[in-house]
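Some notes on the structure that comes next.
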Amino acid sequence: MTPNQIVFLVLAFIAVMASAGVVVFGANAVRSALFLVLNFFVLGFIYFTLGAQLLGITQIMVYAGAIMVLFLFVIMMLQLHHGPQLKKYQDAKRPLAWLIGLGIFCLVFTQVIQKLSMTSQSPVTDEYGTPKAVGLVLYSTYSWPFEVTSVLLLIGVVGSILLAKRRI
Amino acid sequence: MVNDVPLSWFLGLGMIMFCIGTIGVVVRRNPVVVFMCIELMLNAVNLTFLVFARYGIAPGQTLEQATNTAMGGQMAVIFVMAVAAAEVAVGLGIIMAIFRLKNEADVDDMSVLRG
Amino acid sequence: MSQWIEDIAKGKDAVLFGIHMYGPGVLALIKVLLLLIPALILVPGLIWWERRLLSWMQDRIGPNRTGTITVPDNFPIKGLRGKKQRTAGLLQPIADGLKLFLKEDITPASIDRKVYFLAPAIALFPAFAIGGTLPWGSAYLPFGDAVGGIYSLLTPVANVDIGILYVLAISSLGVYGVVLAGYSSNNKYSLMGGLRSSAQLISYELAMGTALASIVLASGSLRMTDMVRVQEQALWGVLPAVQNWFVLTPFGLVGAVIFLICMIAETNRAPFDLPEAENELIAGYHTEYSSMKFAVFFMGEYAAMFFFSGVFAAVFLGGYNLLPLNYEYLATHGWNFLGQDMGGFWRGMAWFNYWAGPAIFVGKCVVGITFFIWLRATLPRLRYDQLMGLGWKTLLPLGISNLIIVGLWIVATKLWGIGGGWAAWAAAAAVLVIIYLNIASLSKKDEMAFGGRSVEMKDPSPRRTVKMVDPNKV
């Protein structure tokens with residue numbers, strides 16, 4: 001066990017536990033959201049270990065700092081208006097879900113992960129994740145998708161205003 | 001920095017998160033929680049993109065190929081993040097609208113096509 | 001003497017203090033402690049400073065009794081026996097802290113227990129973590145571009161490439177403490193406070209991001225040490241004797257104003273303290289918190305103020321530089337004052353500036369906090385719609401237009417030199433002002449067409465009337 005591996009295992013353990021918490025505590029939406037925040041935060045750290053500094057901090061800023069705050073805001077807003085509680089009932093969905101989940105797991109594990117025992121290093125250095133390197137590529141090779149993304153975000157803004165306003 | 005963590009460990013983490021997200025989407029009935037599980041799945045995929053960006057696609061590649069892979073993987077993550085942000089804004093707006101309209105909290109009951 | 005100082009600074013000071021012997025782990029620990037311990041010591045002092053300054057501004061005396069030293073009767077020197085020495089209430093924060101420790105710790109019934117106890121901790125962590133990338137001393141020795149000296153080993157805890165993004169990310173995490181405290185308290189006022197806080201922080205985060213992005217464009221780096229270093233260049237590219245502090249440049253001034261307003265909103269201070277508005281929400285999110293748990297929120301707020309002032313100082317106010325003067329330039333091209341050669345004076349000033357860097361930085365932070373307190377004493381609290389309107393309709397468009405203008409300025413500077421750059425800046429600013437005035441006059445016409453108010457407040461319920469009854473006739 002090298003230190004890097006131990007760090008990864010600790011982070012991965014927290015991430016898996018947090019993502020399990022999202023589902024297990026799903027009845028209490030705030031708890032669920034908190035676990036997701038933890039998961040995103042830890043994922044940011046895993047990105048740092050991969051050398052992707054910019055994406056790691058963006059992960060924390062966008063997901064943990066903005067998107068999840070929005071989620072919490074909506075959850076609390078609905079709670080404030082006394083949203084009705086869910087009725088408890090059982091149906092075939094639960095075993096089906098386990099089937100789907102385990103199916104994907106087995107499929108990916110046997111077909112991808114076992115066959116990819118590659119540990120070889122790509123020859124790029126850790127500089128690949130710096131803001132400069134990412135920016136140079138994002139604004140040159142990928143400038144067209146970048147512009148399209150900006151249009152998409154604009155559509156998102158307009159759409160959410162349209163949905164949220166009672167009367168325009 | 002030589003990263004001595006095997007590629008398969010990262011992929012395994014991504015896969016477990018994706019599976020948990022899938023189970024959550026099917027099992028949970030609160031639309032907000034379902035939405036959060038979708039975010040979880042998106043992040044699992046993001047992690048996979050980034051891992052392949054770091055580790056490259058095949059052994060013995062040239063620096064140019066490796067750089068293309070590394071940058072392409074990061075770009076995919078950036079675009080997924082942007083799309084997820086837009087999706088959350090619109091999706092939460094839809095959920096709020098549905099709540100306001102029907103005061104209903106179960107995705108299984110939201111099956112009518114007219115308002 | 002001055003030679004000795006120069007020798008020390010040329011990499012030998014680290015040897016003097018034995019710092020070079022430590023490994024990276026110990027060094028990191030020293031860095032963190034050097035950041036946290038002064039902050040932890042300063043927070044009670046800041047509370048004292050706030051109470052005293054606020055009372056002076058409001059024409060009161062404020063806490064001035066605690067800490068009075070009475071000399072005991074068996075004191076050896078006869079003349080001093082029984083004398084009282086006041087210390088201007090400096091021990092008041094200690095008394096306050098003791099009171100908070102010893103007060104009864106009330107936990108309300110039917111709360112979300114785990115989240116309730118977690119919330120203060122979550123509020124405290126980002127407040128202190130913001131300081132992680134702040135450079136509080138110059139990594140570069142005066143006279144020359146050599147990296148070296150003791151501060152280059154000690155100053156930013158993490159001198160990462162993404163310094164300013166780190167500040168944004170961590171400050172955006174600060175909202176969780178407030179939101180979770182509001183949610184878990186099982187109190188509708190607390191929940192309202194948490195809701196207000198989350199909406200407020202998301203709104204002002206955007207404007208803050210645009211303000212910082214314009215500075216990132218201008219300085220060409222996200223690294224905090226580089227951002228301070230860029231400010232040591234010639235002012236506007238033409239005045240080499242004066243440093244180019246961003247608050248002295250036109251776009252930087254706009255960014256500084258936006259950042260200052262957002263900073264106050266992010267730390268939930270007056271006039272943006274709606275999450276804890278005491279006359280509407282009792283105390284908002286920390287209504288149900290007592291004793292130590294409340295003290296933790298309190299400490300987090302002051303630490304956040306302190307470190308946000310530090311970010312402001314580093315990004316806009318030239319960081320650890322006392323005056324916006326380029327001593328190096330002045331020492332070599334210095335004017336002769338009354339026939340005296342001032343080169344030695346400027347050299348001395350440069351070295352003083354280098355060594356006093358941390359003190360100057362802390363001084364700038366305290367000035368920032370004084371500004372916070374001044375605002376609290378001066379401005380009334382905003383209404384919620386005013387708060388949202390200011391964030392979304394004023395600061396965000398202003399920040400984005402500032403960003404665009406900075407971009408134009410950079411391109412024009414690269415194409416046509418410094419003069420062309422400023423001409424382009426002025427032209428772009430003029431065009432924007434004209435557009436703004438047009439929009440303003442249009443919306444004014446719009447307002448007049450719709451009867452004076454853009455938003456109509458309609459109250460469908462019939463007005464309650466009070467019937468006056470003469471008590472003598474009943």
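Letters A, B, ... mark the chains of the structure tokens in the order given; residue numbers begin at 1 per chain; ligand numbers begin at 1, in order shown.
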Which of stretch 239-401 of chain C fall in helix (DSSP H, G or I), as an NGL selection string: :C and (246-248 or 250-266 or 274-276 or 278-281 or 284-286 or 291-316 or 327-333 or 343-355 or 357-378 or 384-401)
Once you have the residues from the selection above, write them out as an mmCIF file, in the first residue's frame, restricted to C-alpha atoms.
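Writing the result to out.cif gives the following:
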```cif
data_model
loop_
_atom_site.group_PDB
_atom_site.id
_atom_site.type_symbol
_atom_site.label_atom_id
_atom_site.label_comp_id
_atom_site.auth_asym_id
_atom_site.auth_seq_id
_atom_site.Cartn_x
_atom_site.Cartn_y
_atom_site.Cartn_z
ATOM 1 C CA PHE C 246 -6.378 47.506 -8.738
ATOM 2 C CA VAL C 247 -8.462 49.845 -6.640
ATOM 3 C CA LEU C 248 -6.647 52.714 -8.378
ATOM 4 C CA PRO C 250 -10.996 52.346 -13.223
ATOM 5 C CA PHE C 251 -12.151 48.770 -13.868
ATOM 6 C CA GLY C 252 -10.585 47.650 -10.613
ATOM 7 C CA LEU C 253 -12.485 50.335 -8.746
ATOM 8 C CA VAL C 254 -15.774 49.058 -10.177
ATOM 9 C CA GLY C 255 -14.747 45.521 -9.276
ATOM 10 C CA ALA C 256 -13.726 46.618 -5.791
ATOM 11 C CA VAL C 257 -17.082 48.256 -5.121
ATOM 12 C CA ILE C 258 -18.953 45.169 -6.363
ATOM 13 C CA PHE C 259 -16.727 42.847 -4.366
ATOM 14 C CA LEU C 260 -17.093 44.964 -1.227
ATOM 15 C CA ILE C 261 -20.896 44.879 -1.400
ATOM 16 C CA CYS C 262 -20.923 41.140 -2.138
ATOM 17 C CA MET C 263 -18.466 40.520 0.673
ATOM 18 C CA ILE C 264 -20.826 42.160 3.156
ATOM 19 C CA ALA C 265 -23.725 40.120 1.805
ATOM 20 C CA GLU C 266 -21.713 36.900 1.957
ATOM 21 C CA LEU C 274 -31.597 39.573 6.599
ATOM 22 C CA PRO C 275 -30.969 35.950 7.652
ATOM 23 C CA GLU C 276 -30.706 37.153 11.239
ATOM 24 C CA GLU C 278 -33.761 40.632 14.747
ATOM 25 C CA ASN C 279 -36.962 42.586 14.368
ATOM 26 C CA GLU C 280 -38.495 40.221 11.821
ATOM 27 C CA LEU C 281 -36.975 36.830 12.550
ATOM 28 C CA GLY C 284 -32.995 34.070 12.266
ATOM 29 C CA TYR C 285 -30.989 30.929 11.876
ATOM 30 C CA HIS C 286 -29.364 31.005 15.309
ATOM 31 C CA SER C 291 -24.180 29.005 24.855
ATOM 32 C CA MET C 292 -21.129 27.580 23.074
ATOM 33 C CA LYS C 293 -22.957 26.658 19.890
ATOM 34 C CA PHE C 294 -23.972 30.265 19.449
ATOM 35 C CA ALA C 295 -20.436 31.380 20.234
ATOM 36 C CA VAL C 296 -19.182 29.182 17.390
ATOM 37 C CA PHE C 297 -21.512 30.918 14.930
ATOM 38 C CA PHE C 298 -20.347 34.244 16.288
ATOM 39 C CA MET C 299 -16.703 33.336 15.887
ATOM 40 C CA GLY C 300 -17.296 32.045 12.372
ATOM 41 C CA GLU C 301 -18.884 35.336 11.384
ATOM 42 C CA TYR C 302 -15.945 37.377 12.631
ATOM 43 C CA ALA C 303 -13.368 35.039 11.126
ATOM 44 C CA ALA C 304 -15.183 35.249 7.789
ATOM 45 C CA MET C 305 -15.154 39.053 8.012
ATOM 46 C CA PHE C 306 -11.463 39.010 8.795
ATOM 47 C CA PHE C 307 -10.456 36.711 5.956
ATOM 48 C CA PHE C 308 -12.786 38.314 3.423
ATOM 49 C CA SER C 309 -11.143 41.645 4.272
ATOM 50 C CA GLY C 310 -7.862 39.849 3.663
ATOM 51 C CA VAL C 311 -9.024 38.723 0.223
ATOM 52 C CA PHE C 312 -10.113 42.260 -0.551
ATOM 53 C CA ALA C 313 -6.746 43.600 0.589
ATOM 54 C CA ALA C 314 -4.837 41.046 -1.466
ATOM 55 C CA VAL C 315 -6.852 41.403 -4.648
ATOM 56 C CA PHE C 316 -7.580 45.121 -4.691
ATOM 57 C CA TYR C 327 10.476 51.924 -3.902
ATOM 58 C CA GLU C 328 12.796 50.205 -6.310
ATOM 59 C CA TYR C 329 12.060 52.758 -9.001
ATOM 60 C CA LEU C 330 12.194 55.648 -6.553
ATOM 61 C CA ALA C 331 15.527 54.498 -5.134
ATOM 62 C CA THR C 332 17.138 54.394 -8.555
ATOM 63 C CA HIS C 333 15.340 57.303 -10.237
ATOM 64 C CA GLY C 343 17.920 56.919 -2.516
ATOM 65 C CA GLY C 344 18.875 55.594 0.908
ATOM 66 C CA PHE C 345 15.507 56.569 2.330
ATOM 67 C CA TRP C 346 13.634 54.721 -0.404
ATOM 68 C CA ARG C 347 15.879 51.680 0.013
ATOM 69 C CA GLY C 348 15.102 51.679 3.710
ATOM 70 C CA MET C 349 11.404 52.041 2.983
ATOM 71 C CA ALA C 350 11.549 49.085 0.614
ATOM 72 C CA TRP C 351 13.082 46.896 3.294
ATOM 73 C CA PHE C 352 10.657 48.160 5.917
ATOM 74 C CA ASN C 353 7.819 47.372 3.541
ATOM 75 C CA TYR C 354 9.196 43.883 3.066
ATOM 76 C CA TRP C 355 9.628 43.089 6.734
ATOM 77 C CA GLY C 357 4.395 42.928 5.291
ATOM 78 C CA PRO C 358 2.383 40.703 7.649
ATOM 79 C CA ALA C 359 1.626 43.584 10.017
ATOM 80 C CA ILE C 360 0.528 45.742 7.084
ATOM 81 C CA PHE C 361 -1.674 42.945 5.806
ATOM 82 C CA VAL C 362 -3.352 42.468 9.184
ATOM 83 C CA GLY C 363 -3.715 46.234 9.407
ATOM 84 C CA LYS C 364 -5.557 46.254 6.083
ATOM 85 C CA CYS C 365 -7.819 43.468 7.339
ATOM 86 C CA VAL C 366 -8.630 45.519 10.441
ATOM 87 C CA VAL C 367 -9.367 48.536 8.263
ATOM 88 C CA GLY C 368 -11.746 46.350 6.258
ATOM 89 C CA ILE C 369 -13.499 45.230 9.413
ATOM 90 C CA THR C 370 -13.736 48.837 10.558
ATOM 91 C CA PHE C 371 -15.532 49.515 7.302
ATOM 92 C CA PHE C 372 -17.940 46.673 8.089
ATOM 93 C CA ILE C 373 -18.658 48.177 11.504
ATOM 94 C CA TRP C 374 -19.047 51.643 10.044
ATOM 95 C CA LEU C 375 -21.648 50.343 7.601
ATOM 96 C CA ARG C 376 -23.486 48.588 10.405
ATOM 97 C CA ALA C 377 -23.705 51.840 12.332
ATOM 98 C CA THR C 378 -24.751 53.853 9.291
ATOM 99 C CA TYR C 384 -35.736 41.548 0.825
ATOM 100 C CA ASP C 385 -36.818 42.635 -2.654
ATOM 101 C CA GLN C 386 -34.323 45.508 -2.516
ATOM 102 C CA LEU C 387 -31.600 43.006 -1.649
ATOM 103 C CA MET C 388 -32.471 40.755 -4.578
ATOM 104 C CA GLY C 389 -32.870 43.737 -6.895
ATOM 105 C CA LEU C 390 -29.456 45.089 -5.927
ATOM 106 C CA GLY C 391 -27.791 41.725 -6.487
ATOM 107 C CA TRP C 392 -29.419 40.712 -9.750
ATOM 108 C CA LYS C 393 -30.315 43.988 -11.433
ATOM 109 C CA THR C 394 -27.433 46.251 -10.420
ATOM 110 C CA LEU C 395 -24.336 44.348 -9.344
ATOM 111 C CA LEU C 396 -24.504 41.436 -11.786
ATOM 112 C CA PRO C 397 -25.008 43.527 -14.977
ATOM 113 C CA LEU C 398 -22.385 45.970 -13.733
ATOM 114 C CA GLY C 399 -19.958 43.137 -13.069
ATOM 115 C CA ILE C 400 -20.547 41.511 -16.451
ATOM 116 C CA SER C 401 -20.169 44.804 -18.341
#
```
Each residue of chain A with at least one atom at most 8 Å from chain C should appear once, together with its nearest atom pair and the corresponding distance in Å (one decimal); atoms considered: only C-alpha atoms; ordering: chain, then increasing residue number; output as JSON lines.
```
{"residue": "A:Gln53", "atom": "CA", "partner": "C:Ile162", "partner_atom": "CA", "distance": 7.3}
{"residue": "A:Leu54", "atom": "CA", "partner": "C:Ile162", "partner_atom": "CA", "distance": 6.7}
{"residue": "A:Ile57", "atom": "CA", "partner": "C:Tyr166", "partner_atom": "CA", "distance": 6.4}
{"residue": "A:Thr58", "atom": "CA", "partner": "C:Ala169", "partner_atom": "CA", "distance": 7.6}
{"residue": "A:Ile60", "atom": "CA", "partner": "C:Ala169", "partner_atom": "CA", "distance": 6.1}
{"residue": "A:Met61", "atom": "CA", "partner": "C:Ala169", "partner_atom": "CA", "distance": 4.3}
{"residue": "A:Val62", "atom": "CA", "partner": "C:Ala169", "partner_atom": "CA", "distance": 8.0}
{"residue": "A:Ala64", "atom": "CA", "partner": "C:Leu173", "partner_atom": "CA", "distance": 7.1}
{"residue": "A:Gly65", "atom": "CA", "partner": "C:Ser172", "partner_atom": "CA", "distance": 4.9}
{"residue": "A:Ala66", "atom": "CA", "partner": "C:Ile202", "partner_atom": "CA", "distance": 6.6}
{"residue": "A:Val69", "atom": "CA", "partner": "C:Ser198", "partner_atom": "CA", "distance": 6.5}
{"residue": "A:Leu70", "atom": "CA", "partner": "C:Ser198", "partner_atom": "CA", "distance": 7.8}
{"residue": "A:Phe73", "atom": "CA", "partner": "C:Leu195", "partner_atom": "CA", "distance": 6.1}
{"residue": "A:Met76", "atom": "CA", "partner": "C:Leu195", "partner_atom": "CA", "distance": 7.1}
{"residue": "A:Met77", "atom": "CA", "partner": "C:Leu195", "partner_atom": "CA", "distance": 7.3}
{"residue": "A:Leu80", "atom": "CA", "partner": "C:Leu191", "partner_atom": "CA", "distance": 7.8}
{"residue": "A:Thr130", "atom": "CA", "partner": "C:Asp161", "partner_atom": "CA", "distance": 6.8}
{"residue": "A:Pro131", "atom": "CA", "partner": "C:Ile162", "partner_atom": "CA", "distance": 7.2}
```
With N, CA, C and O atoms kept, could you save the residues just selected as an mmCIF file, in the first residue's frame?
```
data_model
loop_
_atom_site.group_PDB
_atom_site.id
_atom_site.type_symbol
_atom_site.label_atom_id
_atom_site.label_comp_id
_atom_site.auth_asym_id
_atom_site.auth_seq_id
_atom_site.Cartn_x
_atom_site.Cartn_y
_atom_site.Cartn_z
ATOM 1 N N GLN A 53 -6.667 20.121 -11.157
ATOM 2 C CA GLN A 53 -6.958 21.127 -10.133
ATOM 3 C C GLN A 53 -8.181 21.948 -10.474
ATOM 4 O O GLN A 53 -9.065 22.141 -9.643
ATOM 5 N N LEU A 54 -8.206 22.430 -11.712
ATOM 6 C CA LEU A 54 -9.280 23.348 -12.082
ATOM 7 C C LEU A 54 -10.632 22.660 -11.962
ATOM 8 O O LEU A 54 -11.580 23.207 -11.413
ATOM 9 N N ILE A 57 -11.709 22.112 -8.236
ATOM 10 C CA ILE A 57 -12.258 23.280 -7.543
ATOM 11 C C ILE A 57 -13.585 23.669 -8.181
ATOM 12 O O ILE A 57 -14.500 24.129 -7.488
ATOM 13 N N THR A 58 -13.720 23.459 -9.500
ATOM 14 C CA THR A 58 -14.999 23.753 -10.140
ATOM 15 C C THR A 58 -16.082 22.810 -9.630
ATOM 16 O O THR A 58 -17.226 23.216 -9.435
ATOM 17 N N ILE A 60 -16.264 21.524 -6.655
ATOM 18 C CA ILE A 60 -16.703 21.991 -5.337
ATOM 19 C C ILE A 60 -17.537 23.255 -5.476
ATOM 20 O O ILE A 60 -18.565 23.417 -4.833
ATOM 21 N N MET A 61 -17.088 24.161 -6.369
ATOM 22 C CA MET A 61 -17.774 25.444 -6.493
ATOM 23 C C MET A 61 -19.156 25.271 -7.122
ATOM 24 O O MET A 61 -20.139 25.806 -6.620
ATOM 25 N N VAL A 62 -19.229 24.505 -8.218
ATOM 26 C CA VAL A 62 -20.489 24.402 -8.954
ATOM 27 C C VAL A 62 -21.439 23.432 -8.262
ATOM 28 O O VAL A 62 -22.578 23.774 -7.955
ATOM 29 N N ALA A 64 -21.057 21.482 -5.127
ATOM 30 C CA ALA A 64 -21.284 21.610 -3.687
ATOM 31 C C ALA A 64 -21.731 23.016 -3.330
ATOM 32 O O ALA A 64 -22.519 23.206 -2.411
ATOM 33 N N GLY A 65 -21.235 24.022 -4.047
ATOM 34 C CA GLY A 65 -21.507 25.394 -3.646
ATOM 35 C C GLY A 65 -22.748 25.997 -4.253
ATOM 36 O O GLY A 65 -23.344 26.881 -3.649
ATOM 37 N N ALA A 66 -23.138 25.579 -5.442
ATOM 38 C CA ALA A 66 -24.279 26.232 -6.082
ATOM 39 C C ALA A 66 -25.455 25.287 -6.274
ATOM 40 O O ALA A 66 -26.558 25.553 -5.820
ATOM 41 N N VAL A 69 -26.936 23.935 -3.021
ATOM 42 C CA VAL A 69 -27.634 24.988 -2.272
ATOM 43 C C VAL A 69 -29.020 25.203 -2.876
ATOM 44 O O VAL A 69 -30.011 25.367 -2.168
ATOM 45 N N LEU A 70 -29.065 25.145 -4.214
ATOM 46 C CA LEU A 70 -30.351 25.274 -4.904
ATOM 47 C C LEU A 70 -31.288 24.143 -4.493
ATOM 48 O O LEU A 70 -32.474 24.364 -4.204
ATOM 49 N N PHE A 73 -32.490 24.703 -1.048
ATOM 50 C CA PHE A 73 -33.460 25.803 -1.059
ATOM 51 C C PHE A 73 -34.837 25.286 -1.446
ATOM 52 O O PHE A 73 -35.833 25.577 -0.789
ATOM 53 N N MET A 76 -36.339 22.994 1.274
ATOM 54 C CA MET A 76 -36.841 23.736 2.433
ATOM 55 C C MET A 76 -38.049 24.566 2.077
ATOM 56 O O MET A 76 -38.960 24.738 2.879
ATOM 57 N N MET A 77 -38.074 25.078 0.866
ATOM 58 C CA MET A 77 -39.224 25.861 0.406
ATOM 59 C C MET A 77 -40.471 24.990 0.392
ATOM 60 O O MET A 77 -41.539 25.411 0.848
ATOM 61 N N LEU A 80 -41.592 24.354 3.818
ATOM 62 C CA LEU A 80 -42.221 25.525 4.416
ATOM 63 C C LEU A 80 -43.696 25.570 4.060
ATOM 64 O O LEU A 80 -44.524 25.992 4.852
ATOM 65 N N THR A 130 -4.012 22.366 -15.043
ATOM 66 C CA THR A 130 -3.941 23.748 -14.586
ATOM 67 C C THR A 130 -4.906 24.622 -15.395
ATOM 68 O O THR A 130 -5.250 24.279 -16.524
ATOM 69 N N PRO A 131 -5.348 25.735 -14.820
ATOM 70 C CA PRO A 131 -6.272 26.614 -15.540
ATOM 71 C C PRO A 131 -5.736 27.027 -16.899
ATOM 72 O O PRO A 131 -6.482 27.126 -17.861
#
```
Contacts of stretch 92-101 of chain B at 6 Å (only C-alpha atoms; same-chain gap of 5+ positions) as a PyMOL selection string: chain A and resi 160+163-164
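Closest approach to B:Ala84 among A:Leu50, A:Leu72, A:Ile67, A:Leu9: A:Ile67, based on only C-alpha atoms.
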Exercise answer, chain B residues close to chain A, 7 Å and only C-alpha atoms, as a PyMOL selection string: chain B and resi 1+4-8+11+13+15+17+19-20+22-24+26-28+33+54-56+59+63+66-67+71+75+82+85-86+89-90+93-94+97+103-106
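Here atom CA of C:Ala234 is placed at a distance of 18.8 Å from atom CA of C:Val411.
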